[in-house]
$ cat query.pdb   # PDB, C-alpha atoms and all ligand atoms
ATOM      1  CA  MET G   1     -54.700  -2.386  32.535  1.00  0.00           C
ATOM      2  CA  GLN G   2     -53.218  -1.664  35.923  1.00  0.00           C
ATOM      3  CA  ASP G   3     -51.630   1.705  36.618  1.00  0.00           C
ATOM      4  CA  SER G   4     -48.248   0.072  37.291  1.00  0.00           C
ATOM      5  CA  ASN G   5     -48.318  -1.701  33.875  1.00  0.00           C
ATOM      6  CA  ARG G   6     -49.306   1.527  32.165  1.00  0.00           C
ATOM      7  CA  PHE G   7     -46.374   3.258  33.836  1.00  0.00           C
ATOM      8  CA  ILE G   8     -43.924   0.559  32.681  1.00  0.00           C
ATOM      9  CA  LEU G   9     -45.193   0.834  29.085  1.00  0.00           C
ATOM     10  CA  PHE G  10     -44.918   4.625  29.195  1.00  0.00           C
ATOM     11  CA  ALA G  11     -41.385   4.403  30.637  1.00  0.00           C
ATOM     12  CA  MET G  12     -40.355   1.963  27.881  1.00  0.00           C
ATOM     13  CA  PHE G  13     -41.827   4.279  25.225  1.00  0.00           C
ATOM     14  CA  ILE G  14     -39.869   7.253  26.605  1.00  0.00           C
ATOM     15  CA  LEU G  15     -36.703   5.143  26.744  1.00  0.00           C
ATOM     16  CA  ILE G  16     -37.093   4.092  23.092  1.00  0.00           C
ATOM     17  CA  VAL G  17     -37.693   7.706  22.026  1.00  0.00           C
ATOM     18  CA  VAL G  18     -34.616   8.890  23.951  1.00  0.00           C
ATOM     19  CA  LEU G  19     -32.440   6.118  22.449  1.00  0.00           C
ATOM     20  CA  ALA G  20     -33.732   6.926  18.944  1.00  0.00           C
ATOM     21  CA  VAL G  21     -32.902  10.630  19.414  1.00  0.00           C
ATOM     22  CA  ILE G  22     -29.407   9.785  20.726  1.00  0.00           C
ATOM     23  CA  PHE G  23     -28.844   7.438  17.783  1.00  0.00           C
ATOM     24  CA  LEU G  24     -29.966  10.051  15.241  1.00  0.00           C
ATOM     25  CA  LEU G  25     -27.933  12.859  16.780  1.00  0.00           C
ATOM     26  CA  THR G  26     -24.695  10.876  17.244  1.00  0.00           C
ATOM     27  CA  PRO G  27     -22.303  11.576  14.348  1.00  0.00           C
ATOM     28  CA  SER G  28     -21.420   8.576  12.234  1.00  0.00           C
ATOM     29  CA  THR G  29     -18.030   7.005  12.991  1.00  0.00           C
ATOM     30  CA  ASP G  30     -16.250   8.433   9.973  1.00  0.00           C
ATOM     31  CA  SER G  31     -17.202  12.006  10.813  1.00  0.00           C
ATOM     32  CA  HIS G  32     -16.210  11.702  14.465  1.00  0.00           C
ATOM     33  CA  PRO G  33     -13.200  13.948  15.257  1.00  0.00           C
ATOM     34  CA  ALA G  34     -11.317  11.058  16.883  1.00  0.00           C
ATOM     35  CA  PHE G  35     -11.751   8.958  13.753  1.00  0.00           C
ATOM     36  CA  LYS G  36     -10.557  11.816  11.564  1.00  0.00           C
ATOM     37  CA  ARG G  37      -7.401  12.131  13.666  1.00  0.00           C
ATOM     38  CA  ALA G  38      -6.824   8.419  13.387  1.00  0.00           C
ATOM     39  CA  SER G  39      -7.223   8.332   9.627  1.00  0.00           C
ATOM     40  CA  ILE G  40      -3.903  10.068   8.893  1.00  0.00           C
ATOM     41  CA  GLU G  41      -2.656   8.592   5.657  1.00  0.00           C
ATOM     42  CA  ASN G  42       1.021   7.760   5.698  1.00  0.00           C
ATOM     43  CA  VAL G  43       3.086   7.653   2.544  1.00  0.00           C
ATOM     44  CA  LEU G  44       5.784   5.033   2.212  1.00  0.00           C
ATOM     45  CA  VAL G  45       8.947   6.587   0.803  1.00  0.00           C
ATOM     46  CA  ILE G  46      11.006   3.860  -0.846  1.00  0.00           C
ATOM     47  CA  ASP G  47      14.665   4.799  -1.049  1.00  0.00           C
ATOM     48  CA  PRO G  48      16.902   2.517  -3.109  1.00  0.00           C
ATOM     49  CA  GLY G  49      20.278   3.341  -1.561  1.00  0.00           C
ATOM     50  CA  HIS G  50      23.143   4.695  -3.738  1.00  0.00           C
ATOM     51  CA  GLY G  51      22.809   5.041  -7.532  1.00  0.00           C
ATOM     52  CA  GLY G  52      24.429   7.155 -10.233  1.00  0.00           C
ATOM     53  CA  GLU G  53      28.172   7.448  -9.593  1.00  0.00           C
ATOM     54  CA  ASP G  54      27.747   5.802  -6.203  1.00  0.00           C
ATOM     55  CA  GLY G  55      27.333   2.075  -6.699  1.00  0.00           C
ATOM     56  CA  GLY G  56      27.691   1.246  -3.000  1.00  0.00           C
ATOM     57  CA  ALA G  57      29.128  -2.192  -2.244  1.00  0.00           C
ATOM     58  CA  VAL G  58      30.187  -4.248  -5.264  1.00  0.00           C
ATOM     59  CA  THR G  59      30.234  -8.054  -5.519  1.00  0.00           C
ATOM     60  CA  ARG G  60      33.346  -9.944  -6.657  1.00  0.00           C
ATOM     61  CA  ASP G  61      31.867 -10.292 -10.125  1.00  0.00           C
ATOM     62  CA  GLY G  62      31.015  -6.611 -10.412  1.00  0.00           C
ATOM     63  CA  VAL G  63      27.315  -6.399  -9.473  1.00  0.00           C
ATOM     64  CA  LYS G  64      26.610  -3.109  -7.724  1.00  0.00           C
ATOM     65  CA  GLU G  65      24.635  -2.824  -4.520  1.00  0.00           C
ATOM     66  CA  SER G  66      22.755   0.135  -6.077  1.00  0.00           C
ATOM     67  CA  GLU G  67      21.295  -2.192  -8.767  1.00  0.00           C
ATOM     68  CA  ILE G  68      20.054  -4.763  -6.233  1.00  0.00           C
ATOM     69  CA  ASN G  69      18.636  -1.980  -4.055  1.00  0.00           C
ATOM     70  CA  LEU G  70      16.722  -0.599  -7.030  1.00  0.00           C
ATOM     71  CA  GLN G  71      15.402  -4.025  -8.047  1.00  0.00           C
ATOM     72  CA  ILE G  72      14.028  -4.623  -4.534  1.00  0.00           C
ATOM     73  CA  ALA G  73      12.609  -1.068  -4.424  1.00  0.00           C
ATOM     74  CA  LEU G  74      10.783  -1.569  -7.742  1.00  0.00           C
ATOM     75  CA  ARG G  75       9.300  -4.805  -6.398  1.00  0.00           C
ATOM     76  CA  MET G  76       8.091  -2.888  -3.342  1.00  0.00           C
ATOM     77  CA  ALA G  77       6.496  -0.331  -5.662  1.00  0.00           C
ATOM     78  CA  GLU G  78       4.701  -3.144  -7.540  1.00  0.00           C
ATOM     79  CA  ILE G  79       3.304  -4.487  -4.267  1.00  0.00           C
ATOM     80  CA  CYS G  80       2.178  -0.972  -3.279  1.00  0.00           C
ATOM     81  CA  ASP G  81       0.500  -0.488  -6.678  1.00  0.00           C
ATOM     82  CA  PHE G  82      -1.270  -3.821  -6.325  1.00  0.00           C
ATOM     83  CA  CYS G  83      -2.454  -3.118  -2.766  1.00  0.00           C
ATOM     84  CA  GLY G  84      -3.254   0.575  -3.247  1.00  0.00           C
ATOM     85  CA  ILE G  85      -0.621   1.737  -0.756  1.00  0.00           C
ATOM     86  CA  PRO G  86       0.478   5.361  -1.331  1.00  0.00           C
ATOM     87  CA  TYR G  87       4.233   5.590  -1.939  1.00  0.00           C
ATOM     88  CA  LYS G  88       6.996   7.672  -3.456  1.00  0.00           C
ATOM     89  CA  MET G  89      10.413   6.604  -4.689  1.00  0.00           C
ATOM     90  CA  THR G  90      13.599   8.617  -4.305  1.00  0.00           C
ATOM     91  CA  ARG G  91      14.890   7.197  -7.597  1.00  0.00           C
ATOM     92  CA  THR G  92      13.577   4.833 -10.268  1.00  0.00           C
ATOM     93  CA  SER G  93      16.699   4.247 -12.351  1.00  0.00           C
ATOM     94  CA  GLU G  94      20.453   3.854 -11.990  1.00  0.00           C
ATOM     95  CA  GLU G  95      20.983   7.185 -13.763  1.00  0.00           C
ATOM     96  CA  ILE G  96      21.352  10.338 -11.700  1.00  0.00           C
ATOM     97  CA  ASN G  97      21.824  13.716 -13.371  1.00  0.00           C
ATOM     98  CA  TYR G  98      24.334  15.880 -11.555  1.00  0.00           C
ATOM     99  CA  PRO G  99      24.879  19.599 -12.138  1.00  0.00           C
ATOM    100  CA  GLU G 100      27.866  20.258 -14.445  1.00  0.00           C
ATOM    101  CA  GLU G 101      29.681  22.377 -11.893  1.00  0.00           C
ATOM    102  CA  LEU G 102      29.934  19.542  -9.371  1.00  0.00           C
ATOM    103  CA  LYS G 103      33.135  17.757 -10.291  1.00  0.00           C
ATOM    104  CA  SER G 104      34.064  15.612  -7.290  1.00  0.00           C
ATOM    105  CA  THR G 105      32.307  12.365  -6.436  1.00  0.00           C
ATOM    106  CA  ALA G 106      31.861  13.536  -2.846  1.00  0.00           C
ATOM    107  CA  LYS G 107      30.044  16.708  -3.960  1.00  0.00           C
ATOM    108  CA  ARG G 108      27.885  14.771  -6.401  1.00  0.00           C
ATOM    109  CA  LYS G 109      26.981  12.241  -3.721  1.00  0.00           C
ATOM    110  CA  ARG G 110      26.057  15.022  -1.303  1.00  0.00           C
ATOM    111  CA  TYR G 111      23.952  16.710  -4.011  1.00  0.00           C
ATOM    112  CA  ASP G 112      22.054  13.456  -4.537  1.00  0.00           C
ATOM    113  CA  GLN G 113      21.495  12.960  -0.810  1.00  0.00           C
ATOM    114  CA  ASP G 114      20.228  16.545  -0.422  1.00  0.00           C
ATOM    115  CA  LYS G 115      17.821  16.047  -3.323  1.00  0.00           C
ATOM    116  CA  ARG G 116      16.446  12.912  -1.673  1.00  0.00           C
ATOM    117  CA  LEU G 117      16.190  14.785   1.605  1.00  0.00           C
ATOM    118  CA  ASP G 118      14.151  17.574  -0.051  1.00  0.00           C
ATOM    119  CA  LEU G 119      11.861  15.030  -1.696  1.00  0.00           C
ATOM    120  CA  ILE G 120      11.249  13.088   1.522  1.00  0.00           C
ATOM    121  CA  GLU G 121      10.595  16.272   3.496  1.00  0.00           C
ATOM    122  CA  SER G 122       8.065  17.422   0.900  1.00  0.00           C
ATOM    123  CA  VAL G 123       5.953  14.308   1.558  1.00  0.00           C
ATOM    124  CA  GLU G 124       3.353  14.717   4.288  1.00  0.00           C
ATOM    125  CA  ASN G 125       3.333  11.882   6.849  1.00  0.00           C
ATOM    126  CA  ALA G 126       6.278  10.199   5.150  1.00  0.00           C
ATOM    127  CA  VAL G 127       7.686   6.932   6.454  1.00  0.00           C
ATOM    128  CA  LEU G 128      11.064   6.154   4.931  1.00  0.00           C
ATOM    129  CA  ILE G 129      12.456   2.717   4.197  1.00  0.00           C
ATOM    130  CA  SER G 130      15.945   2.937   2.753  1.00  0.00           C
ATOM    131  CA  ILE G 131      17.202  -0.226   1.067  1.00  0.00           C
ATOM    132  CA  HIS G 132      20.840  -1.316   1.267  1.00  0.00           C
ATOM    133  CA  GLN G 133      23.040  -4.407   1.104  1.00  0.00           C
ATOM    134  CA  ASN G 134      25.874  -5.191   3.461  1.00  0.00           C
ATOM    135  CA  LYS G 135      29.426  -6.259   2.698  1.00  0.00           C
ATOM    136  CA  PHE G 136      32.285  -7.458   4.891  1.00  0.00           C
ATOM    137  CA  THR G 137      35.921  -8.349   4.322  1.00  0.00           C
ATOM    138  CA  SER G 138      35.263 -11.947   5.388  1.00  0.00           C
ATOM    139  CA  SER G 139      32.644 -14.038   3.587  1.00  0.00           C
ATOM    140  CA  SER G 140      31.113 -15.612   6.697  1.00  0.00           C
ATOM    141  CA  PRO G 141      28.840 -12.822   8.103  1.00  0.00           C
ATOM    142  CA  ARG G 142      25.257 -13.272   6.992  1.00  0.00           C
ATOM    143  CA  GLY G 143      21.796 -12.009   7.895  1.00  0.00           C
ATOM    144  CA  PRO G 144      19.691  -8.898   7.374  1.00  0.00           C
ATOM    145  CA  GLN G 145      19.697  -6.025   9.855  1.00  0.00           C
ATOM    146  CA  ALA G 146      17.415  -3.025  10.363  1.00  0.00           C
ATOM    147  CA  PHE G 147      18.643   0.364  11.563  1.00  0.00           C
ATOM    148  CA  PHE G 148      16.454   3.144  12.930  1.00  0.00           C
ATOM    149  CA  SER G 149      16.782   6.906  13.151  1.00  0.00           C
ATOM    150  CA  ALA G 150      16.350   8.761  16.432  1.00  0.00           C
ATOM    151  CA  ASN G 151      12.877   9.972  15.408  1.00  0.00           C
ATOM    152  CA  ASP G 152       9.737   8.827  17.177  1.00  0.00           C
ATOM    153  CA  GLY G 153       8.383   5.598  15.682  1.00  0.00           C
ATOM    154  CA  SER G 154      11.540   4.609  13.804  1.00  0.00           C
ATOM    155  CA  LYS G 155      12.599   2.026  16.379  1.00  0.00           C
ATOM    156  CA  GLU G 156       9.139   0.401  16.367  1.00  0.00           C
ATOM    157  CA  LEU G 157       9.187   0.070  12.578  1.00  0.00           C
ATOM    158  CA  ALA G 158      12.779  -1.238  12.597  1.00  0.00           C
ATOM    159  CA  ILE G 159      11.852  -3.933  15.129  1.00  0.00           C
ATOM    160  CA  LEU G 160       8.965  -5.044  12.893  1.00  0.00           C
ATOM    161  CA  VAL G 161      11.247  -5.079   9.829  1.00  0.00           C
ATOM    162  CA  GLN G 162      13.925  -7.039  11.705  1.00  0.00           C
ATOM    163  CA  GLU G 163      11.468  -9.629  13.005  1.00  0.00           C
ATOM    164  CA  LYS G 164       9.892 -10.099   9.594  1.00  0.00           C
ATOM    165  CA  MET G 165      13.229 -10.398   7.782  1.00  0.00           C
ATOM    166  CA  ASN G 166      14.511 -12.873  10.392  1.00  0.00           C
ATOM    167  CA  THR G 167      11.397 -15.047  10.086  1.00  0.00           C
ATOM    168  CA  VAL G 168      11.145 -15.009   6.303  1.00  0.00           C
ATOM    169  CA  LEU G 169      14.739 -14.671   5.095  1.00  0.00           C
ATOM    170  CA  TYR G 170      17.038 -16.199   7.702  1.00  0.00           C
ATOM    171  CA  PRO G 171      15.474 -17.707  10.855  1.00  0.00           C
ATOM    172  CA  GLN G 172      18.904 -18.400  12.402  1.00  0.00           C
ATOM    173  CA  ASN G 173      19.653 -14.677  12.366  1.00  0.00           C
ATOM    174  CA  ARG G 174      20.623 -13.262  15.746  1.00  0.00           C
ATOM    175  CA  ARG G 175      20.912  -9.637  14.620  1.00  0.00           C
ATOM    176  CA  ILE G 176      18.624  -7.104  16.219  1.00  0.00           C
ATOM    177  CA  ALA G 177      17.452  -3.646  15.122  1.00  0.00           C
ATOM    178  CA  VAL G 178      19.914  -0.950  16.231  1.00  0.00           C
ATOM    179  CA  GLN G 179      20.158   2.835  15.965  1.00  0.00           C
ATOM    180  CA  ILE G 180      21.815   4.129  12.813  1.00  0.00           C
ATOM    181  CA  PRO G 181      25.374   5.493  13.280  1.00  0.00           C
ATOM    182  CA  ASP G 182      25.736   9.293  13.285  1.00  0.00           C
ATOM    183  CA  SER G 183      27.785   9.096  10.090  1.00  0.00           C
ATOM    184  CA  ILE G 184      24.776   8.225   7.865  1.00  0.00           C
ATOM    185  CA  TYR G 185      23.779  11.681   6.621  1.00  0.00           C
ATOM    186  CA  LEU G 186      20.313  11.046   5.146  1.00  0.00           C
ATOM    187  CA  MET G 187      19.004   9.009   8.067  1.00  0.00           C
ATOM    188  CA  ASN G 188      20.191  11.591  10.581  1.00  0.00           C
ATOM    189  CA  SER G 189      18.840  14.615   8.692  1.00  0.00           C
ATOM    190  CA  LEU G 190      15.165  13.651   8.532  1.00  0.00           C
ATOM    191  CA  ASP G 191      12.230  14.463  10.802  1.00  0.00           C
ATOM    192  CA  CYS G 192      10.038  11.531   9.719  1.00  0.00           C
ATOM    193  CA  VAL G 193      10.003   7.873  10.730  1.00  0.00           C
ATOM    194  CA  ALA G 194      13.048   6.386   9.017  1.00  0.00           C
ATOM    195  CA  VAL G 195      14.444   2.863   8.800  1.00  0.00           C
ATOM    196  CA  LEU G 196      17.413   1.591   6.833  1.00  0.00           C
ATOM    197  CA  ALA G 197      17.279  -2.094   5.919  1.00  0.00           C
ATOM    198  CA  GLU G 198      20.526  -3.909   5.199  1.00  0.00           C
ATOM    199  CA  CYS G 199      18.833  -6.820   3.454  1.00  0.00           C
ATOM    200  CA  GLY G 200      21.833  -9.136   3.579  1.00  0.00           C
ATOM    201  CA  PHE G 201      25.572  -9.552   2.936  1.00  0.00           C
ATOM    202  CA  LEU G 202      26.721  -9.455  -0.665  1.00  0.00           C
ATOM    203  CA  SER G 203      30.043 -10.825   0.617  1.00  0.00           C
ATOM    204  CA  ASN G 204      28.394 -14.062   1.809  1.00  0.00           C
ATOM    205  CA  PRO G 205      28.232 -16.520  -1.110  1.00  0.00           C
ATOM    206  CA  VAL G 206      24.824 -17.972  -0.219  1.00  0.00           C
ATOM    207  CA  GLU G 207      23.112 -14.726   0.746  1.00  0.00           C
ATOM    208  CA  GLY G 208      24.858 -12.737  -1.986  1.00  0.00           C
ATOM    209  CA  ALA G 209      23.552 -15.155  -4.640  1.00  0.00           C
ATOM    210  CA  ALA G 210      20.045 -15.137  -3.135  1.00  0.00           C
ATOM    211  CA  LEU G 211      19.865 -11.338  -3.118  1.00  0.00           C
ATOM    212  CA  ARG G 212      20.228 -11.388  -6.898  1.00  0.00           C
ATOM    213  CA  GLU G 213      17.349 -13.835  -7.426  1.00  0.00           C
ATOM    214  CA  ASP G 214      13.908 -12.548  -8.449  1.00  0.00           C
ATOM    215  CA  GLY G 215      12.032 -14.713  -5.931  1.00  0.00           C
ATOM    216  CA  TYR G 216      14.269 -13.749  -3.035  1.00  0.00           C
ATOM    217  CA  GLN G 217      14.052 -10.046  -3.921  1.00  0.00           C
ATOM    218  CA  SER G 218      10.245 -10.355  -3.898  1.00  0.00           C
ATOM    219  CA  LYS G 219      10.414 -11.915  -0.435  1.00  0.00           C
ATOM    220  CA  VAL G 220      12.567  -9.011   0.793  1.00  0.00           C
ATOM    221  CA  ALA G 221      10.153  -6.506  -0.757  1.00  0.00           C
ATOM    222  CA  LEU G 222       7.182  -8.245   0.891  1.00  0.00           C
ATOM    223  CA  CYS G 223       8.925  -8.216   4.275  1.00  0.00           C
ATOM    224  CA  LEU G 224       9.486  -4.459   4.023  1.00  0.00           C
ATOM    225  CA  VAL G 225       6.025  -3.478   2.755  1.00  0.00           C
ATOM    226  CA  SER G 226       4.170  -5.783   5.159  1.00  0.00           C
ATOM    227  CA  SER G 227       6.166  -4.443   8.136  1.00  0.00           C
ATOM    228  CA  TYR G 228       5.255  -0.927   7.023  1.00  0.00           C
ATOM    229  CA  CYS G 229       1.545  -1.890   6.870  1.00  0.00           C
ATOM    230  CA  VAL G 230       1.617  -3.430  10.353  1.00  0.00           C
ATOM    231  CA  PHE G 231       3.405  -0.331  11.642  1.00  0.00           C
ATOM    232  CA  CYS G 232       0.824   2.065  10.136  1.00  0.00           C
ATOM    233  CA  ASP G 233      -2.032  -0.040  11.450  1.00  0.00           C
ATOM    234  CA  SER G 234      -0.658  -0.093  15.003  1.00  0.00           C
ATOM    235  CA  ARG G 235      -0.005   3.664  14.916  1.00  0.00           C
ATOM    236  CA  GLN G 236      -3.565   4.428  13.826  1.00  0.00           C
ATOM    237  CA  ARG G 237      -4.885   2.515  16.827  1.00  0.00           C
ATOM    238  CA  TYR G 238      -2.909   4.614  19.306  1.00  0.00           C
ATOM    239  CA  LEU G 239      -3.462   8.043  17.816  1.00  0.00           C
TER     240      LEU G 239
HETATM  241 ZN    ZN U   1      24.552   0.817   1.040  1.00  0.00          ZN
END
$ encode --input "query.pdb" --output "structure tokens" --more "lines below"
Ligand SMILES: [Zn+2]
Amino acid sequence: MQDSNRFILFAMFILIVVLAVIFLLTPSTDSHPAFKRASIENVLVIDPGHGGEDGGAVTRDGVKESEINLQIALRMAEICDFCGIPYKMTRTSEEINYPEELKSTAKRKRYDQDKRLDLIESVENAVLISIHQNKFTSSSPRGPQAFFSANDGSKELAILVQEKMNTVLYPQNRRIAVQIPDSIYLMNSLDCVAVLAECGFLSNPVEGAALREDGYQSKVALCLVSSYCVFCDSRQRYL
């Protein structure tokens, strides 16, 4: 064998040894610090708006917004259970126990909001989706709308929610995601990503009827949970 061939073989041998050593010494992907940072596990906080003495908007035939909000929230919880998505709910029934000493509805409502606030803030990496239904004096307005808090990430999630609800629930919808008004206490008191979804108008006969149907509620729930999943996935990529 010629000297030059021997040298090439030796060089290849050294190269293989070096590559093997690098391979063995490189930490596996899941123990790499960058991967650990990117594997932050968010928790979806599902907030069925209103409840207890606060029914929210009420339909002409007496159905409360709080009941529809809870039904959609429970469907979201079912989807999360099925898919293994960590979540918490701010309430799971229409009943809310208020302290005896709080007599006025305003004080009781504030107590409930503060309790929800404490719960949400106790959840690490919480992402809030608050569920509501709209109502207007005229019956013509229709279409879901997403609102976002001023916190980082809220607008991105609200845009995803809006797009999904438009596509699935009402493709003619021209509403866009907008920042929540200052008057909404819970949404403006949180530090986490927070979106409030007005899923539709109870005052619109077509949408109001749909919002009470099982199948339609499941579609709404799917829109909200799937938007949350897309949001978490895109955030992990840019951590
Ligand atoms: Zn509401």
$ resolve_selection --input "query.pdb" --expression "the PyMOL selection byres (((chain G and resi 181-193) around 7) and not hetatm)" --output "JSON, numbers by chain"
{"G": [113, 117, 126, 127, 128, 149, 151, 152, 153, 154, 179, 180, 194, 195]}
$ closest_residue --input "query.pdb" --among "G:Pro171, G:Gly200, G:Pro99, G:Gly208" --to "G:Asp112" --atoms "all atoms listed in the file"
G:Pro99
$ closest_atom_pairs --input "query.pdb" --of "chain G" --to "ligand ZN 1 (chain U)" --cutoff "6 Å" --atoms "only C-alpha atoms and all ligand atoms" --output "Markdown table"
| residue | atom | partner | partner_atom | distance |
| --- | --- | --- | --- | --- |
| G:Gly49 | CA | U:ZN1 | ZN | 5.6 |
| G:Gly56 | CA | U:ZN1 | ZN | 5.1 |
| G:His132 | CA | U:ZN1 | ZN | 4.3 |
| G:Gln133 | CA | U:ZN1 | ZN | 5.4 |
$ resolve_selection --input "query.pdb" --expression "the PyMOL selection byres (((chain G and resi 61) around 12) and not hetatm)" --output "ChimeraX atom specification"
/G:57-60,62-65,202-203,205,208-209
$ write_last_selection --input "query.pdb" --atoms "C-alpha atoms" --output "PDB file, keeping the file's coordinate frame"
ATOM      1  CA  ALA G  57      29.128  -2.192  -2.244  1.00  0.00           C
ATOM      2  CA  VAL G  58      30.187  -4.248  -5.264  1.00  0.00           C
ATOM      3  CA  THR G  59      30.234  -8.054  -5.519  1.00  0.00           C
ATOM      4  CA  ARG G  60      33.346  -9.944  -6.657  1.00  0.00           C
ATOM      5  CA  GLY G  62      31.015  -6.611 -10.412  1.00  0.00           C
ATOM      6  CA  VAL G  63      27.315  -6.399  -9.473  1.00  0.00           C
ATOM      7  CA  LYS G  64      26.610  -3.109  -7.724  1.00  0.00           C
ATOM      8  CA  GLU G  65      24.635  -2.824  -4.520  1.00  0.00           C
ATOM      9  CA  LEU G 202      26.721  -9.455  -0.665  1.00  0.00           C
ATOM     10  CA  SER G 203      30.043 -10.825   0.617  1.00  0.00           C
ATOM     11  CA  PRO G 205      28.232 -16.520  -1.110  1.00  0.00           C
ATOM     12  CA  GLY G 208      24.858 -12.737  -1.986  1.00  0.00           C
ATOM     13  CA  ALA G 209      23.552 -15.155  -4.640  1.00  0.00           C
TER      14      ALA G 209
END
$ atom_distance --input "query.pdb" --atom1 "atom CA of G:Pro48" --atom2 "atom CA of G:Ala73"
5.7 Å
$ resolve_selection --input "query.pdb" --expression "the PyMOL selection byres (((chain G and resi 96) around 7) and not hetatm)" --output "number ranges by chain"
G: 51-52, 94-95, 97-98
